[in-house]
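Encoded as structure tokens, the structure appears first; notes follow it.
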2 protein chains.
Amino acid sequence: MVKSTIKDVAQLAGVSLKTVSRVINKEPFVRQATIEKVSKAIEELGYQPNLAARNLRSGKSYALGLVYDNPNPYYIIDMQQGALNVCRDMGYGLQIHPCDAAQDNIAEELVDLYRDADLSGLILAPPMSERADIIKVLRRNDIQYVGIVSGTAEDPALTPCVHVDDRKAAYNITKHLLSLGHTHIAFFWGEEIHKSSPERFHGYEDALREEGITLDPSLIFDGAYSFESGIENAQKLLQLPDTPTALFCSNDEIAAGALTVFTERGLQVPHDIALAGFENSPFSRHSSPPLTTAEQSTIEIAAAATRLLIAGMRPHTIESENELVTEFSPTLIIRQSTCPVDGR
Amino acid sequence: MVKSTIKDVAQLAGVSLKTVSRVINKEPFVRQATIEKVSKAIEELGYQPNLAARNLRSGKSYALGLVYDNPNPYYIIDMQQGALNVCRDMGYGLQIHPCDAAQDNIAEELVDLYRDADLSGLILAPPMSERADIIKVLRRNDIQYVGIVSGTAEDPALTPCVHVDDRKAAYNITKHLLSLGHTHIAFFWGEEIHKSSPERFHGYEDALREEGITLDPSLIFDGAYSFESGIENAQKLLQLPDTPTALFCSNDEIAAGALTVFTERGLQVPHDIALAGFENSPFSRHSSPPLTTAEQSTIEIAAAATRLLIAGMRPHTIESENELVTEFSPTLIIRQSTCPVDGR
DNA sequence: TTTAGACATGACTACGTTGTCAGGAAATTC
DNA sequence: GAATTTCCTGACAACGTAGTCATGTCTAAA
């Protein structure tokens with residue numbers, strides 16, 4: 001099986017090289033009959049365009065970069081899967097790029113990556129996507145990108161991006177706890193640099209305020225999206241004179257840490273303290289008890305972001321604008337880690 | 001900042017295009033002084049070779065594919081990191097390719113991937129790397145590859161590959177349990193399709209046999225590398241008339257499932273039953289108690305495999321053959337989930 | 001000194017595609 | 001029917017690199 005080129009196709013179809021190129025790239029001004037003739041020849045020969053030649057000549061690269069700095073492998077794997085699915089469909093390659101958001105020259109690193117790997121666009125996961133300073137550098141360098149951003153407010157400093165409504169999801173979780181009769185609900189933060197963290201906090205705030213409950217600062221703990229942070233804050237929590245009846249952790253990993261501490265101290269979840277997480281990680285399904293949490297369809301979100309990016313670069317390849325979903329809202333998943341407050 | 005080409009470099013260094021090309025590709029027959037002159041010019045201009053042009057001309061692609069079907073995201077992330085590190089160093093791109101090993105036409109899928117994405121080599125993670133049928137198809141199609149294989153026995157059907165000595169590591173874990181006085185040690189298998197599973201079992205066998213202990217079939221449980229499998233088999237285990245004093249699970253996830261069951265039933269680990277896992281996953285550090293396990297440096301292993309693959313394709317780019325490590329042995333990590341048998 | 005042979009360099013070309021531009025065919029207007 | 005305008009097609013060049021081959025320059029043996 002010898003690789004066939006555009007030349008072979010042209011010969012078989014009885015047209016010129018350029019016309020074949022036009023058909024392949026869906027350029028306008030080709031007669032329908034010609035399109036069909038060429039398409040048939042392409043199929044017959046099993047022709048596949050040579051990426052290298054295409055890239056060289058067009059200066060574009062048909063490869064996207066997926067940029068992330070996120071400690072959660074489950075999240076990353078799903079992101080990759082979502083982006084890959086769309087890339088495959090649209091004939092793009094995908095380069096993964098784990099990196100360190102805390103690094104000083106991270107923006108320059110991305111610019112270099114973009115050039116060196118000859119990418120035609122970047123997909124940014126949080127928190128990179130939420131850093132206006134990074135976005136600014138990308139724009140200044142004419143780099144195509146798309147972000148995944150927590151919150152629904154249109155922030156012109158961050159567009160284009162897809163939005164995830166963490167606030168509403170956190171509101172729903174808190175409402176769930178409230179509906180079970182809990183009024184003393186503690187909150188464990190994740191890193192502030194992840195916009196999802198304040199968003200989730202605001203959702204918690206919204207629900208309490210709606211019920212006329214004043215926030216109790218002693219029940220609110222700074223932290224990070226990690227197991228260790230959950231352990232640390234749970235220990236502090238248990239030192240309070242008046243232990244709350246429920247705890248809402250900004251993600252499942254934090255909740256896992258807290259759960260470990262509670263179990264060690266002989267506290268029963270949910271009877272002694274109700275516990276909710278966020279993200280629907282495998283841990284939340286496997287812990288005992290399984291955690292009440294919020295599910296975000298990371299694969300879908302990443303796919304939508306990728307579609308949006310490609311649409312921005314090659315408008316005519318996207319069938320209809322309607323396909324471009326940019327708003328996502330995680331859904332509440334109720335499991336055994338929450339129960340009515342008088343269930344104690 | 002305009003992108004500079006090989007032409008600019010040649011002009012600045014006062015040599016021909018071809019000579020610059022020679023320096024870049026480390027071809028022989030270039031005078032040391034010339035190399036330095038050109039290198040200096042390259043640095044001065046911040047020259048980066050144009051991948052597309054290079055690919056087009058050479059017919060090779062300077063892009064590798066990382067192929068895996070593994071449910072463990074932590075493992076995957078480490079694999080990716082190891083492969084990426086080397087790819088960056090050697091100027092290669094990396095395409096990830098998650099797939100389903102159980103699919104019928106998986107070998108053809110890989111062949112198509114190789115052609116369509118214009119890759120120059122594949123890095124195969126287990127279990128793909130251990131499937132002689134897949135390897136055979138790759139060879140027949142002249143596809144460059146490298147595998148990561150459990151076991152030390154040279155299997156000509158699988159080379160080239162790097163080896164991971166799971167058997168010895170499992171032997172060490174079992175020896176550790178034996179040294180603590182345990183003689184009734186149960187074993188939970190992973191999927192048989194992963195060669196690591198029988199290898200780990202053999203290590204367990206080796207250690208028991210060395211002590212003159214006859215294997216007790218009722219203590220050996222088939223299963224999979226999953227939390228659920230651990231739960232299921234732990235439940236069966238506890239129905240035995242004579243519960244063993246120790247349990248060796250083929251990986252940490254299985255151990256996590258077993259631990260959950262033990263904790264629910266009020267059994268204390270390690271006092272009522274000692275528990276060992278394998279892989280040193282984050283869970284093994286975070287569980288209570290933390291698990292005795294074996295650490296495999298997945299990043300290193302993936303890096304070594306990638307180096308081996310590149311060495312096979314472009315022998316002169318590797319400084320010395322000695323760098324090519326192909327044997328890895330996971331190391332024993334003793335934590336609080338194991339204690340002497342009379343500690344009960 | 002001569003003469004191989006090994007070493008070192010450069011001119012030229014090809015890789016497969018897309019951009020440019022020119023020109024022909026069809027549709028529309030006068 | 002002529003003159004536009006719009007649509008459609010092809011010839012040719014060019015992208016930046018590496019392969020081929022010819023040629024020049026050393027070193028060391030005759």
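Following the order of the structure tokens, chains are lettered A, B, ..., residues in each are numbered from 1, and ligands are numbered from 1.
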
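The neighbours of region 153-166 of chain A here are the residues that come within 8 Å of it, using only C-alpha atoms (C1' of nucleotides) and leaving out any residue fewer than 4 positions away in the same chain; they are A:Ser129, A:Glu130, A:Arg131, A:Ala132, A:Ile135, A:Lys136, A:Tyr145, A:Val146, A:Gly147, A:Ile148, A:Val149, A:Ala170, A:Ser196, A:Glu199, A:Arg200, A:Gly203, A:Ile301, A:Ala304, A:Ala305, A:Leu308, A:Val325, A:Thr326, A:Glu327, A:Phe328, A:Ser329, A:Pro330.
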
Could the residues of chain A that have an atom at most 10 Å from chain B be listed as CSV, each with its closest atom pair and the distance in Å to one decimal, counting only C-alpha atoms and ordered by chain and ascending residue number?
residue,atom,partner,partner_atom,distance
A:Lys3,CA,B:Arg115,CA,9.4
A:Gln48,CA,B:Asp116,CA,7.2
A:Pro49,CA,B:Asp116,CA,8.8
A:Asn50,CA,B:Asp118,CA,8.1
A:Leu51,CA,B:Asp118,CA,7.5
A:Ala52,CA,B:Ala52,CA,4.6
A:Ala53,CA,B:Leu56,CA,5.5
A:Arg54,CA,B:Ala52,CA,8.1
A:Asn55,CA,B:Ala52,CA,5.7
A:Leu56,CA,B:Ala52,CA,5.0
A:Arg57,CA,B:Ala52,CA,8.7
A:Gly59,CA,B:Ala52,CA,8.8
A:Lys60,CA,B:Ala52,CA,9.5
A:Ser61,CA,B:Ala52,CA,8.0
A:Asn72,CA,B:Tyr74,CA,8.7
A:Pro73,CA,B:Pro73,CA,5.4
A:Tyr74,CA,B:Pro73,CA,5.8
A:Tyr75,CA,B:Pro73,CA,9.0
A:Ile76,CA,B:Ile77,CA,8.2
A:Ile77,CA,B:Pro73,CA,6.5
A:Asp78,CA,B:Pro73,CA,9.5
A:Gln80,CA,B:Ile96,CA,8.7
A:Gln81,CA,B:Pro98,CA,8.0
A:Leu84,CA,B:His97,CA,8.5
A:Arg88,CA,B:Ala117,CA,9.8
A:Gly91,CA,B:Ala117,CA,9.1
A:Tyr92,CA,B:Ala117,CA,9.0
A:Gly93,CA,B:Gln95,CA,7.3
A:Leu94,CA,B:Gln95,CA,6.3
A:Gln95,CA,B:Gln95,CA,6.0
A:Ile96,CA,B:Leu94,CA,7.7
A:His97,CA,B:Leu84,CA,8.6
A:Pro98,CA,B:Gln81,CA,8.0
A:Arg115,CA,B:Gln48,CA,8.8
A:Asp116,CA,B:Gln48,CA,6.7
A:Ala117,CA,B:Gly93,CA,7.4
A:Asp118,CA,B:Leu51,CA,7.4
A:Phe227,CA,B:His286,CA,7.6
A:Glu228,CA,B:His286,CA,8.6
A:Ile231,CA,B:His286,CA,9.9
A:Ala256,CA,B:His286,CA,9.0
A:Gly257,CA,B:His286,CA,8.0
A:Thr260,CA,B:Ser288,CA,7.1
A:Val261,CA,B:Ser288,CA,9.3
A:Thr263,CA,B:Ser288,CA,9.2
A:Glu264,CA,B:Ser288,CA,8.1
A:Pro282,CA,B:Phe227,CA,9.8
A:Phe283,CA,B:Phe283,CA,9.5
A:His286,CA,B:Phe227,CA,7.6
A:Ser287,CA,B:Thr260,CA,7.7
A:Ser288,CA,B:Thr260,CA,7.1
A:Pro289,CA,B:Thr260,CA,9.8

Among region 104-335 of chain A, which residues does DSSP mark as strand (DSSP E or B) when it is run on the backbone? Keep the chain and numbering as in the structure and answer as JSON, numbers by chain.
{"A": [121, 122, 123, 124, 145, 146, 147, 148, 149, 150, 161, 162, 163, 164, 185, 186, 187, 188, 220, 221, 246, 247, 248, 249, 274, 275, 276, 292, 293, 294, 295, 327, 328, 331, 332, 333]}

What does the structure give for the distance between CA of Leu177 (chain B) and CA of Val269 (chain B), in Å to one decimal?
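Separation of CA of Leu177 (chain B) and CA of Val269 (chain B): 13.6 Å.
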
For CA of Ala13 (chain A) and C1' of DC8 (chain D), quote the distance in Å rounded to one decimal.
16.1 Å

Would you mind listing, as an mmCIF file with C-alpha atoms (C1' of nucleotides), in the first residue's frame, all residues of chain C that have at least one atom within 7 Å of chain A, where only C-alpha atoms (C1' of nucleotides) are what counts?
data_model
loop_
_atom_site.group_PDB
_atom_site.id
_atom_site.type_symbol
_atom_site.label_atom_id
_atom_site.label_comp_id
_atom_site.auth_asym_id
_atom_site.auth_seq_id
_atom_site.Cartn_x
_atom_site.Cartn_y
_atom_site.Cartn_z
ATOM 1 C "C1'" DG C 16 3.349 17.316 -0.916
ATOM 2 C "C1'" DT C 17 0.778 20.758 -0.195
ATOM 3 C "C1'" DT C 18 -1.468 25.579 -0.555
#

I need the residues in region 21-122 of chain B that are helix (DSSP H, G or I) according to DSSP; give them as a ChimeraX atom specification.
/B:21-24,32-45,51-58,73-90,106-116

Just to be explicit: take each residue in the selection above, keep C-alpha atoms, and write the result as a compact mmCIF listing (two decimals), in the first residue's frame.
# COMPACT_ATOMS: atom_id res chain seq x y z
CA SER B 21 21.47 20.90 8.68
CA ARG B 22 24.33 18.56 9.48
CA VAL B 23 25.10 20.28 12.74
CA ILE B 24 21.47 20.26 13.78
CA GLN B 32 34.48 20.86 15.53
CA ALA B 33 35.18 24.50 14.73
CA THR B 34 32.31 24.54 12.25
CA ILE B 35 29.97 22.98 14.76
CA GLU B 36 30.78 25.72 17.22
CA LYS B 37 30.40 28.46 14.66
CA VAL B 38 27.01 27.19 13.63
CA SER B 39 25.88 26.53 17.18
CA LYS B 40 26.69 30.07 18.07
CA ALA B 41 24.69 31.40 15.15
CA ILE B 42 21.78 29.17 16.10
CA GLU B 43 21.80 30.47 19.62
CA GLU B 44 22.16 34.06 18.52
CA LEU B 45 19.12 33.85 16.28
CA LEU B 51 8.94 20.72 12.26
CA ALA B 52 6.66 20.64 9.27
CA ALA B 53 9.47 21.17 6.79
CA ARG B 54 11.65 18.65 8.51
CA ASN B 55 8.88 16.09 8.53
CA LEU B 56 8.00 16.67 4.94
CA ARG B 57 11.52 16.35 3.68
CA SER B 58 12.63 13.43 5.81
CA PRO B 73 -5.24 7.92 36.01
CA TYR B 74 -2.31 8.32 38.38
CA TYR B 75 -0.38 5.78 36.42
CA ILE B 76 -1.32 7.37 33.11
CA ILE B 77 -0.34 10.86 34.22
CA ASP B 78 3.06 9.59 35.29
CA MET B 79 3.54 7.72 32.04
CA GLN B 80 2.71 10.84 30.10
CA GLN B 81 5.10 12.90 32.17
CA GLY B 82 7.97 10.48 31.68
CA ALA B 83 7.42 10.21 27.95
CA LEU B 84 6.99 13.97 27.61
CA ASN B 85 10.20 14.73 29.43
CA VAL B 86 12.22 12.71 26.97
CA CYS B 87 10.27 13.91 23.95
CA ARG B 88 10.96 17.51 24.91
CA ASP B 89 14.65 16.76 25.30
CA MET B 90 14.93 15.00 22.00
CA ILE B 106 -7.34 -2.84 18.26
CA ALA B 107 -4.19 -3.72 16.30
CA GLU B 108 -5.62 -2.24 13.12
CA GLU B 109 -6.66 0.82 15.05
CA LEU B 110 -3.04 1.33 16.04
CA VAL B 111 -1.84 0.88 12.49
CA ASP B 112 -4.35 3.48 11.32
CA LEU B 113 -3.36 5.83 14.08
CA TYR B 114 0.28 5.46 13.13
CA ARG B 115 -0.43 6.36 9.53
CA ASP B 116 -3.09 8.99 9.96

Return the neighbours of chain A among the residues of chain D, cut-off 12 Å, counting only C-alpha atoms (C1' of nucleotides), as a ChimeraX atom specification.
/D:6-17

What's around DA4 (chain C) at 10 Å? Count only C-alpha atoms (C1' of nucleotides), leave out sequence neighbours fewer than 5 positions away in its own chain, and write the answer as a list in words.
DA28, DA29 and DA30 of chain D

Go ahead and save the picked residues with all heavy atoms, as a short mmCIF file (atom, residue, chain, number, x, y, z; two decimals), in the first residue's frame.
data_model
loop_
_atom_site.label_atom_id
_atom_site.label_comp_id
_atom_site.auth_asym_id
_atom_site.auth_seq_id
_atom_site.Cartn_x
_atom_site.Cartn_y
_atom_site.Cartn_z
P DA D 28 47.72 11.56 10.49
OP1 DA D 28 47.20 11.00 11.76
OP2 DA D 28 48.84 12.52 10.50
"O5'" DA D 28 48.12 10.34 9.53
"C5'" DA D 28 47.11 9.42 9.13
"C4'" DA D 28 47.65 8.58 8.00
"O4'" DA D 28 47.74 9.40 6.79
"C3'" DA D 28 49.07 8.03 8.22
"O3'" DA D 28 49.11 6.71 7.72
"C2'" DA D 28 49.95 8.95 7.41
"C1'" DA D 28 49.02 9.22 6.23
N9 DA D 28 49.35 10.41 5.44
C8 DA D 28 49.82 11.62 5.88
N7 DA D 28 50.01 12.50 4.93
C5 DA D 28 49.65 11.82 3.78
C6 DA D 28 49.63 12.20 2.42
N6 DA D 28 49.98 13.41 1.99
N1 DA D 28 49.21 11.27 1.53
C2 DA D 28 48.86 10.06 1.97
N3 DA D 28 48.83 9.60 3.21
C4 DA D 28 49.24 10.53 4.07
P DA D 29 50.06 5.61 8.44
OP1 DA D 29 49.28 4.90 9.47
OP2 DA D 29 51.33 6.28 8.79
"O5'" DA D 29 50.34 4.60 7.23
"C5'" DA D 29 49.25 4.16 6.44
"C4'" DA D 29 49.62 4.21 4.97
"O4'" DA D 29 49.85 5.60 4.58
"C3'" DA D 29 50.92 3.46 4.61
"O3'" DA D 29 50.67 2.61 3.52
"C2'" DA D 29 51.91 4.56 4.26
"C1'" DA D 29 50.97 5.64 3.73
N9 DA D 29 51.52 6.99 3.78
C8 DA D 29 51.99 7.67 4.87
N7 DA D 29 52.42 8.89 4.58
C5 DA D 29 52.22 9.00 3.22
C6 DA D 29 52.47 10.06 2.32
N6 DA D 29 52.99 11.23 2.67
N1 DA D 29 52.14 9.84 1.02
C2 DA D 29 51.62 8.66 0.67
N3 DA D 29 51.33 7.60 1.43
C4 DA D 29 51.66 7.85 2.71
P DA D 30 51.73 1.48 3.08
OP1 DA D 30 50.97 0.23 2.87
OP2 DA D 30 52.85 1.53 4.06
"O5'" DA D 30 52.29 1.99 1.69
"C5'" DA D 30 51.39 2.05 0.56
"C4'" DA D 30 52.10 2.77 -0.57
"O4'" DA D 30 52.43 4.12 -0.14
"C3'" DA D 30 53.43 2.13 -1.02
"O3'" DA D 30 53.47 2.06 -2.42
"C2'" DA D 30 54.50 3.07 -0.50
"C1'" DA D 30 53.77 4.41 -0.49
N9 DA D 30 54.27 5.36 0.50
C8 DA D 30 54.51 5.15 1.83
N7 DA D 30 54.96 6.20 2.47
C5 DA D 30 55.02 7.19 1.49
C6 DA D 30 55.41 8.53 1.54
N6 DA D 30 55.83 9.15 2.64
N1 DA D 30 55.34 9.24 0.40
C2 DA D 30 54.92 8.61 -0.72
N3 DA D 30 54.51 7.35 -0.87
C4 DA D 30 54.59 6.69 0.28
#

Could you work out how far CA of Thr292 (chain B) lies from CA of Glu232 (chain B), giving the answer in Å with one decimal?
21.0 Å
